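S.K.: Below you'll find model-v7.cif; it's mmCIF, C-alpha atoms.
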data_input
loop_
_atom_site.label_atom_id
_atom_site.label_comp_id
_atom_site.auth_asym_id
_atom_site.auth_seq_id
_atom_site.Cartn_x
_atom_site.Cartn_y
_atom_site.Cartn_z
CA MET A 1 -31.90 104.20 -74.15
CA SER A 2 -34.11 102.45 -76.63
CA VAL A 3 -34.76 98.95 -77.94
CA ASP A 4 -33.68 98.54 -81.56
CA LEU A 5 -33.62 95.85 -84.21
CA GLU A 6 -30.17 94.68 -83.15
CA HIS A 7 -31.33 93.81 -79.63
CA TYR A 8 -33.94 91.39 -80.93
CA LEU A 9 -31.56 89.94 -83.51
CA VAL A 10 -28.91 89.25 -80.87
CA VAL A 11 -31.50 87.48 -78.68
CA GLY A 12 -32.43 85.43 -81.76
CA ALA A 13 -28.76 84.61 -82.44
CA ILE A 14 -28.19 83.43 -78.86
CA LEU A 15 -31.33 81.27 -79.00
CA PHE A 16 -30.22 79.80 -82.35
CA ALA A 17 -26.76 78.93 -81.01
CA THR A 18 -28.32 77.31 -77.91
CA GLY A 19 -30.70 75.29 -80.08
CA LEU A 20 -27.84 74.25 -82.35
CA TYR A 21 -25.84 72.99 -79.39
CA LEU A 22 -28.86 71.06 -78.07
CA ALA A 23 -29.55 69.50 -81.47
CA LEU A 24 -25.93 68.43 -81.96
CA ALA A 25 -24.88 67.35 -78.49
CA LYS A 26 -27.86 65.87 -76.64
CA ARG A 27 -28.00 62.12 -76.27
CA ASN A 28 -31.76 61.73 -75.93
CA PHE A 29 -33.70 62.14 -79.18
CA VAL A 30 -36.29 64.31 -77.43
CA GLY A 31 -33.46 66.66 -76.40
CA VAL A 32 -32.38 66.94 -80.03
CA LEU A 33 -35.94 67.77 -81.00
CA MET A 34 -36.13 70.48 -78.31
CA GLY A 35 -33.04 72.05 -79.85
CA ILE A 36 -34.67 72.08 -83.28
CA GLU A 37 -37.79 73.74 -81.87
CA LEU A 38 -35.61 76.36 -80.19
CA MET A 39 -33.92 77.10 -83.52
CA PHE A 40 -37.34 77.51 -85.18
CA ASN A 41 -38.27 79.99 -82.46
CA ALA A 42 -35.06 81.96 -82.92
CA VAL A 43 -35.73 82.30 -86.66
CA ASN A 44 -39.36 83.29 -86.02
CA LEU A 45 -38.25 85.99 -83.59
CA THR A 46 -35.87 87.32 -86.23
CA PHE A 47 -38.64 87.38 -88.83
CA VAL A 48 -40.99 89.33 -86.57
CA ALA A 49 -38.23 91.76 -85.56
CA PHE A 50 -37.38 92.47 -89.23
CA SER A 51 -41.09 92.83 -89.97
CA ARG A 52 -41.40 95.48 -87.26
CA PHE A 53 -38.26 97.54 -87.93
CA VAL A 54 -37.04 97.19 -91.52
CA GLU A 55 -38.15 99.12 -94.60
CA SER A 56 -40.60 97.04 -96.66
CA ALA A 57 -43.53 97.44 -99.06
CA ALA A 58 -45.55 94.76 -97.25
CA PRO A 59 -44.31 94.74 -93.63
CA LEU A 60 -46.74 92.05 -92.49
CA SER A 61 -45.29 89.41 -94.83
CA GLY A 62 -42.90 88.44 -92.04
CA HIS A 63 -45.82 87.62 -89.77
CA VAL A 64 -47.44 85.49 -92.48
CA PHE A 65 -44.18 83.62 -92.96
CA VAL A 66 -43.96 82.99 -89.21
CA VAL A 67 -47.45 81.49 -89.29
CA PHE A 68 -46.32 79.08 -92.03
CA VAL A 69 -43.13 78.22 -90.13
CA ILE A 70 -45.17 77.39 -87.02
CA THR A 71 -47.46 75.17 -89.14
CA VAL A 72 -44.55 73.24 -90.61
CA ALA A 73 -42.86 73.02 -87.18
CA ALA A 74 -46.00 71.45 -85.70
CA ALA A 75 -46.16 68.87 -88.51
CA GLU A 76 -42.44 68.16 -88.12
CA ALA A 77 -42.75 67.71 -84.34
CA ALA A 78 -45.64 65.26 -84.73
CA ILE A 79 -43.79 63.13 -87.28
CA ALA A 80 -40.47 63.24 -85.40
CA LEU A 81 -42.06 62.17 -82.13
CA ALA A 82 -43.94 59.36 -83.91
CA LEU A 83 -40.57 58.21 -85.27
CA ALA A 84 -39.10 58.37 -81.75
CA VAL A 85 -41.86 56.10 -80.43
CA LEU A 86 -41.31 53.76 -83.39
CA VAL A 87 -37.55 53.54 -82.78
CA TYR A 88 -38.18 52.96 -79.09
CA ARG A 89 -40.44 50.00 -79.90
CA THR A 90 -37.81 48.19 -81.95
CA ARG A 91 -34.59 49.26 -80.20
CA ASP A 92 -35.80 49.94 -76.63
CA THR A 93 -33.84 53.20 -76.59
CA ILE A 94 -34.00 56.66 -78.15
CA ASP A 95 -30.40 57.62 -77.38
CA VAL A 96 -29.04 58.87 -80.68
CA ASP A 97 -25.58 57.38 -80.07
CA ARG A 98 -27.09 53.91 -79.61
CA ILE A 99 -29.23 53.98 -82.76
CA ASP A 100 -26.30 52.78 -84.88
CA LEU A 101 -27.76 50.13 -87.19
CA LEU A 102 -26.31 51.87 -90.23
CA LYS A 103 -22.84 52.19 -88.69
CA TRP A 104 -20.09 50.16 -90.35
CA MET B 1 -36.61 106.84 -77.86
CA ASP B 2 -38.85 104.37 -76.11
CA ASP B 3 -40.30 104.88 -72.68
CA ALA B 4 -38.68 103.15 -69.72
CA GLY B 5 -41.42 100.51 -69.45
CA THR B 6 -40.81 99.19 -72.98
CA VAL B 7 -37.07 98.99 -72.42
CA ALA B 8 -37.47 97.25 -69.06
CA ALA B 9 -40.01 94.81 -70.55
CA PHE B 10 -37.61 93.91 -73.36
CA TRP B 11 -34.67 93.25 -71.06
CA ILE B 12 -36.74 91.20 -68.59
CA LEU B 13 -38.31 89.12 -71.38
CA ALA B 14 -34.96 88.63 -73.10
CA ALA B 15 -33.38 87.52 -69.81
CA ILE B 16 -36.22 85.05 -69.16
CA THR B 17 -36.05 83.65 -72.70
CA VAL B 18 -32.28 83.26 -72.94
CA GLY B 19 -31.93 82.14 -69.31
CA SER B 20 -34.48 79.36 -69.58
CA ALA B 21 -33.07 78.31 -72.98
CA LEU B 22 -29.68 77.89 -71.26
CA MET B 23 -31.38 76.01 -68.43
CA VAL B 24 -32.74 73.54 -71.03
CA VAL B 25 -29.09 72.76 -71.76
CA ALA B 26 -28.00 72.69 -68.12
CA VAL B 27 -30.64 70.72 -66.20
CA ARG B 28 -30.07 67.00 -65.82
CA ASN B 29 -33.72 65.86 -65.93
CA LEU B 30 -35.52 65.73 -69.28
CA ILE B 31 -38.92 66.67 -67.80
CA HIS B 32 -37.41 69.75 -66.17
CA ALA B 33 -35.84 70.63 -69.52
CA VAL B 34 -39.29 70.60 -71.15
CA VAL B 35 -40.64 72.87 -68.41
CA PHE B 36 -37.81 75.36 -69.02
CA LEU B 37 -38.49 75.08 -72.76
CA ILE B 38 -42.12 76.11 -72.13
CA VAL B 39 -40.89 79.13 -70.12
CA SER B 40 -38.61 80.05 -73.02
CA PHE B 41 -41.52 79.78 -75.50
CA LEU B 42 -43.65 82.04 -73.27
CA GLY B 43 -40.79 84.55 -73.08
CA ILE B 44 -40.62 84.61 -76.88
CA ALA B 45 -44.39 85.20 -76.96
CA GLY B 46 -43.78 88.19 -74.70
CA LEU B 47 -41.10 89.47 -77.07
CA TYR B 48 -43.64 89.16 -79.93
CA VAL B 49 -46.06 91.31 -77.90
CA SER B 50 -43.31 93.90 -77.41
CA LEU B 51 -42.87 93.87 -81.22
CA SER B 52 -46.65 94.52 -81.53
CA ALA B 53 -47.19 91.14 -83.23
CA ASP B 54 -50.39 90.20 -81.43
CA PHE B 55 -51.56 87.36 -83.70
CA VAL B 56 -48.14 85.68 -83.79
CA ALA B 57 -47.86 85.99 -80.00
CA VAL B 58 -51.18 84.22 -79.42
CA THR B 59 -50.28 81.55 -81.99
CA GLN B 60 -46.96 81.06 -80.20
CA VAL B 61 -48.68 80.46 -76.86
CA LEU B 62 -51.26 78.11 -78.39
CA ILE B 63 -49.03 76.04 -80.67
CA TYR B 64 -45.61 76.08 -79.00
CA ALA B 65 -46.30 76.50 -75.29
CA GLY B 66 -49.46 74.43 -75.61
CA ALA B 67 -49.42 71.81 -78.33
CA ILE B 68 -45.77 71.10 -79.12
CA SER B 69 -44.69 71.04 -75.46
CA VAL B 70 -47.43 68.52 -74.66
CA LEU B 71 -46.35 66.49 -77.69
CA ILE B 72 -42.75 66.44 -76.40
CA LEU B 73 -43.95 65.40 -72.92
CA PHE B 74 -46.01 62.62 -74.56
CA ALA B 75 -42.92 61.34 -76.35
CA ILE B 76 -40.99 61.24 -73.05
CA MET B 77 -43.85 59.42 -71.30
CA LEU B 78 -44.25 56.91 -74.16
CA THR B 79 -40.57 55.90 -73.94
CA PRO B 80 -40.37 54.93 -70.25
CA ARG B 81 -37.31 52.66 -70.36
CA ALA B 82 -35.24 55.04 -72.50
CA GLY B 83 -33.95 57.06 -69.56
CA ARG B 84 -34.84 60.52 -68.34
CA ASP B 85 -31.40 62.04 -68.21
CA ASN B 86 -30.46 65.01 -70.37
CA ALA B 87 -26.84 64.00 -70.97
CA GLU B 88 -24.59 64.88 -73.89
CA THR B 89 -22.92 62.51 -76.32
CA PHE B 90 -19.20 62.44 -77.11
CA LEU B 91 -19.88 65.31 -79.55
CA ARG B 92 -20.23 67.74 -76.67
CA LEU B 93 -17.05 69.76 -77.21
CA PRO B 94 -17.22 70.11 -81.04
CA ALA B 95 -20.92 70.99 -80.75
CA LEU B 96 -20.14 73.66 -78.15
CA LEU B 97 -17.40 75.12 -80.34
CA LEU B 98 -19.61 75.10 -83.43
CA ALA B 99 -22.54 76.70 -81.56
CA ILE B 100 -20.32 79.46 -80.17
CA LEU B 101 -18.78 80.00 -83.61
CA VAL B 102 -22.19 80.25 -85.30
CA GLY B 103 -23.52 82.53 -82.57
CA PHE B 104 -20.55 84.90 -82.82
CA THR B 105 -20.67 84.90 -86.63
CA ILE B 106 -24.37 85.81 -86.68
CA GLY B 107 -23.82 88.37 -83.92
CA PHE B 108 -20.94 89.97 -85.83
CA VAL B 109 -23.04 90.23 -89.01
CA ILE B 110 -25.95 91.71 -87.02
CA LEU B 111 -23.79 94.41 -85.48
CA GLU B 112 -21.83 95.19 -88.67
CA ALA B 113 -24.64 95.22 -91.24
CA ASP B 114 -26.30 98.47 -92.23
CA TRP B 115 -30.00 97.66 -91.83
CA ALA B 116 -32.57 99.74 -93.74
CA ILE B 117 -34.47 100.83 -90.67
CA ALA B 118 -37.96 102.06 -91.50
CA ASP B 119 -39.42 105.10 -89.82
CA ARG B 120 -42.57 103.27 -88.76
CA SER B 121 -44.55 103.18 -85.55
CA SER B 122 -45.75 99.88 -84.11
CA PHE B 123 -48.60 98.01 -85.80
CA GLU B 124 -52.10 98.77 -84.54
CA GLU B 125 -53.44 95.24 -84.92
CA THR B 126 -52.22 92.53 -87.26
CA ALA B 127 -54.77 89.70 -87.20
CA SER B 128 -57.13 91.05 -89.88
CA ALA B 129 -54.26 92.02 -92.21
CA ILE B 130 -52.67 88.57 -91.80
CA GLY B 131 -56.03 86.92 -92.50
CA GLU B 132 -56.50 88.95 -95.68
CA ALA B 133 -52.96 88.19 -96.84
CA LEU B 134 -53.45 84.46 -96.18
CA LEU B 135 -56.58 84.34 -98.34
CA SER B 136 -55.40 86.59 -101.17
CA LYS B 137 -51.66 86.83 -101.83
CA TYR B 138 -50.65 83.67 -99.94
CA VAL B 139 -53.66 81.49 -100.73
CA LEU B 140 -51.63 78.77 -102.48
CA PRO B 141 -49.15 78.23 -99.59
CA PHE B 142 -52.15 78.36 -97.25
CA GLU B 143 -53.82 75.46 -99.08
CA ILE B 144 -50.53 73.53 -99.30
CA ALA B 145 -50.14 73.98 -95.53
CA SER B 146 -53.53 72.36 -94.97
CA VAL B 147 -52.51 69.38 -97.12
CA LEU B 148 -49.20 69.19 -95.23
CA LEU B 149 -51.00 69.08 -91.89
CA LEU B 150 -53.32 66.33 -93.15
CA VAL B 151 -50.39 64.25 -94.41
CA ALA B 152 -48.47 64.78 -91.15
CA MET B 153 -51.50 63.70 -89.11
CA LEU B 154 -52.09 60.57 -91.20
CA GLY B 155 -48.37 59.78 -91.20
CA ALA B 156 -48.08 60.09 -87.41
CA ILE B 157 -51.11 57.83 -86.90
CA LEU B 158 -49.83 55.29 -89.44
CA LEU B 159 -46.32 55.21 -87.95
CA VAL B 160 -47.27 54.54 -84.35
CA ARG B 161 -50.09 52.09 -85.15
CA PRO B 162 -49.36 48.58 -83.88
CA GLU B 163 -48.14 46.03 -86.43
CA GLY B 164 -50.43 43.48 -88.04
CA PRO B 165 -54.05 43.59 -89.16
CA ALA B 166 -56.52 45.47 -87.00
CA GLU B 167 -58.45 43.30 -84.58
CA GLU B 168 -62.11 42.85 -85.37
#
Would you mind writing the file out in structure tokens?

M.R.:
Amino acid sequence: MSVDLEHYLVVGAILFATGLYLALAKRNFVGVLMGIELMFNAVNLTFVAFSRFVESAAPLSGHVFVVFVITVAAAEAAIALALAVLVYRTRDTIDVDRIDLLKW
Amino acid sequence: MDDAGTVAAFWILAAITVGSALMVVAVRNLIHAVVFLIVSFLGIAGLYVSLSADFVAVTQVLIYAGAISVLILFAIMLTPRAGRDNAETFLRLPALLLAILVGFTIGFVILEADWAIADRSSFEETASAIGEALLSKYVLPFEIASVLLLVAMLGAILLVRPEGPAEE
């Protein structure tokens, strides 16, 4: 019994599906954001797993890419949460189904 | 063939990660959901260690389990009247179907594809190699990332600043 590439990829796939469900179905904006972060993590795990197992001329490129993804994710989280606070100030709610100003 | 400890570590870490990710969906309190999210992030950091990605694992603990989780908690605390429940919208069933569909599609591709597995042992240490790559081959994205972080910081400050001119 050994741990192969597929094991890590399947864990990443399950995490991605969970994050997708959170991002699509949660009512609270913070819940949606948690789903997006979970999807980022699933993709990062996949990158690192490929970097470890798959044939490549520069195997550490995957790690470098993960570092960039984490940087962008941090920037995205800061801006998204600032937007949540801003919406809360004007609408008194951050439930995504009640932020419907643009709805016909 | 890996030794039994590696295999056991993988399965335990995978169970912790996936289990707490599912708990984020299941629990009814938003604060509890964040706590389970932190556990999931730490489990992923453990999986990085089992993949011999030491630098990425430490970054994961610092940025995700540390910074981003605290940021999410801040957002919950700054919106006190918005409710703490972790309920779903009316899109619950289509979202569940789509998530299952996407998960099974990715899983099918993973199991069917013929990956070019390298005959390589685990990395000794990655931090110095990543540092060299960041300052040689990837120096332009590295600089752009610093600009992005600056813009994100200024944007976040500007967005949440109170309206009107600053008081003297």

S.K.: Could you give me, as a list of chain:residue names, the residues within 6 Å of segment 32-47 of chain A, counting all atoms listed in the file and dropping anything in the same chain fewer than 4 positions from it?

M.R.: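 After dropping sequence-adjacent residues, the list is A:Leu9, A:Gly12, A:Leu15, A:Phe16, A:Gly19, A:Leu22, A:Ala23, A:Lys26, A:Gly62, A:Val66.
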
S.K.: I'd like to see the residues matched by the PyMOL selection byres ((chain B and resi 73) around 12) on this file, and ideally I'd get them as number ranges by chain.

M.R.: A: 30-31, 33-34, 77-78, 81; B: 30-35, 37-38, 65-72, 74-80, 84

S.K.: Could you expand the PyMOL selection byres ((chain B and resi 119) around 9) into the explicit residues it covers here, written as a PyMOL selection string?

M.R.: (chain A and resi 53-55) or (chain B and resi 117-118+120-121)

S.K.: I'd like to know which of A:Phe65, A:Ser51, A:Ile79, A:Ala73 is closest to chain B, using all atoms listed in the file.

M.R.: A:Ile79

S.K.: My list of candidates is B:Ala129, B:Leu158, B:Leu97, B:Leu148. Which is closest to Glu76 of chain A when distances are computed with all atoms listed in the file?

M.R.: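 Smallest distance to Glu76 of chain A is found for B:Leu148.
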
S.K.: Report, in Å to a single decimal, how far apart atom CA of Leu101 of chain A and atom CA of Gly83 of chain B are.

M.R.: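 Separation between atom CA of Gly83 of chain B and atom CA of Leu101 of chain A: 19.9 Å.
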
S.K.: For Leu134 of chain B, please output as a list in words all residues within 10 Å (counting all atoms listed in the file; exclusion window: fewer than 6 positions along the same chain).

M.R.: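 My reading of the contact set: Ser61, Val64, Phe65, Val67 and Phe68 of chain A; Ser128, Leu140, Pro141, Phe142 and Glu143 of chain B.
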
S.K.: So that I can see what lies close to Leu42 of chain B, please list as a list in words the residues with an atom at most 8 Å from it, counting all atoms listed in the file and leaving out residues fewer than 2 positions away in the same chain.

M.R.: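 Close residues of Leu42 of chain B: Thr17, Ile38, Val39, Ser40, Ile44, Ala45, Gly46, Gln60, Val61 and Ala65 of chain B.
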
S.K.: As lines of an AutoDock Vina configuration file, please: the centre and edge lengths in Å, to one decimal, of an axis-aligned box enclosing every listed atom of segment 44-51 of chain A with 8 Å added on each side.

M.R.:
center_x = -38.5
center_y = 88.1
center_z = -86.8
size_x = 21.2
size_y = 25.5
size_z = 22.4

S.K.: For a test of reading the model, state the distance in Å between atom CA of Glu163 of chain B and atom CA of Arg91 of chain A, rounded to one decimal.

M.R.: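 Answer for the atom CA of Glu163 of chain B to atom CA of Arg91 of chain A separation: 15.3 Å.
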
S.K.: So what does the PyMOL selection byres ((chain B and resi 152) around 10) actually pick up in this one, as a compact mmCIF listing (two decimals) with C-alpha atoms, in the frame of the given file?

M.R.:
# COMPACT_ATOMS: atom_id res chain seq x y z
CA VAL A 72 -44.55 73.24 -90.61
CA ALA A 74 -46.00 71.45 -85.70
CA ALA A 75 -46.16 68.87 -88.51
CA GLU A 76 -42.44 68.16 -88.12
CA ALA A 77 -42.75 67.71 -84.34
CA ALA A 78 -45.64 65.26 -84.73
CA ILE A 79 -43.79 63.13 -87.28
CA ALA A 80 -40.47 63.24 -85.40
CA SER B 146 -53.53 72.36 -94.97
CA VAL B 147 -52.51 69.38 -97.12
CA LEU B 148 -49.20 69.19 -95.23
CA LEU B 149 -51.00 69.08 -91.89
CA LEU B 150 -53.32 66.33 -93.15
CA VAL B 151 -50.39 64.25 -94.41
CA MET B 153 -51.50 63.70 -89.11
CA LEU B 154 -52.09 60.57 -91.20
CA GLY B 155 -48.37 59.78 -91.20
CA ALA B 156 -48.08 60.09 -87.41
CA ILE B 157 -51.11 57.83 -86.90
CA LEU B 158 -49.83 55.29 -89.44

S.K.: Can you tell me, as an MDAnalysis selection string, what residues are no more than 6 Å from Phe29 of chain A when counting all atoms listed in the file, ignoring any on the same chain fewer than 3 positions away?

M.R.: chainID A and resid 32 94:96

S.K.: Calculate how many Å separate atom CA of Ala82 of chain B from atom CA of Asp100 of chain A, rounding to one decimal.

M.R.: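 Calculated distance between atom CA of Ala82 of chain B and atom CA of Asp100 of chain A is 15.4 Å.
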
S.K.: Could you check which of A:Thr93, A:Leu5, A:Phe50, A:Pro59 is closest to chain B, using all atoms listed in the file?

M.R.: A:Thr93

S.K.: Skip Arg28 of chain B itself and residues of its chain fewer than 2 positions away, then list as a PyMOL selection string all residues within 7 Å of it, counting all atoms listed in the file.

M.R.: chain B and resi 26+30+85-87

S.K.: Under the rule that all atoms listed in the file are counted, which of B:Ala113, B:Ala9, B:Val18, B:Val139 is the nearest residue to chain A?

M.R.: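 Result for the nearest residue to chain A: B:Val18.
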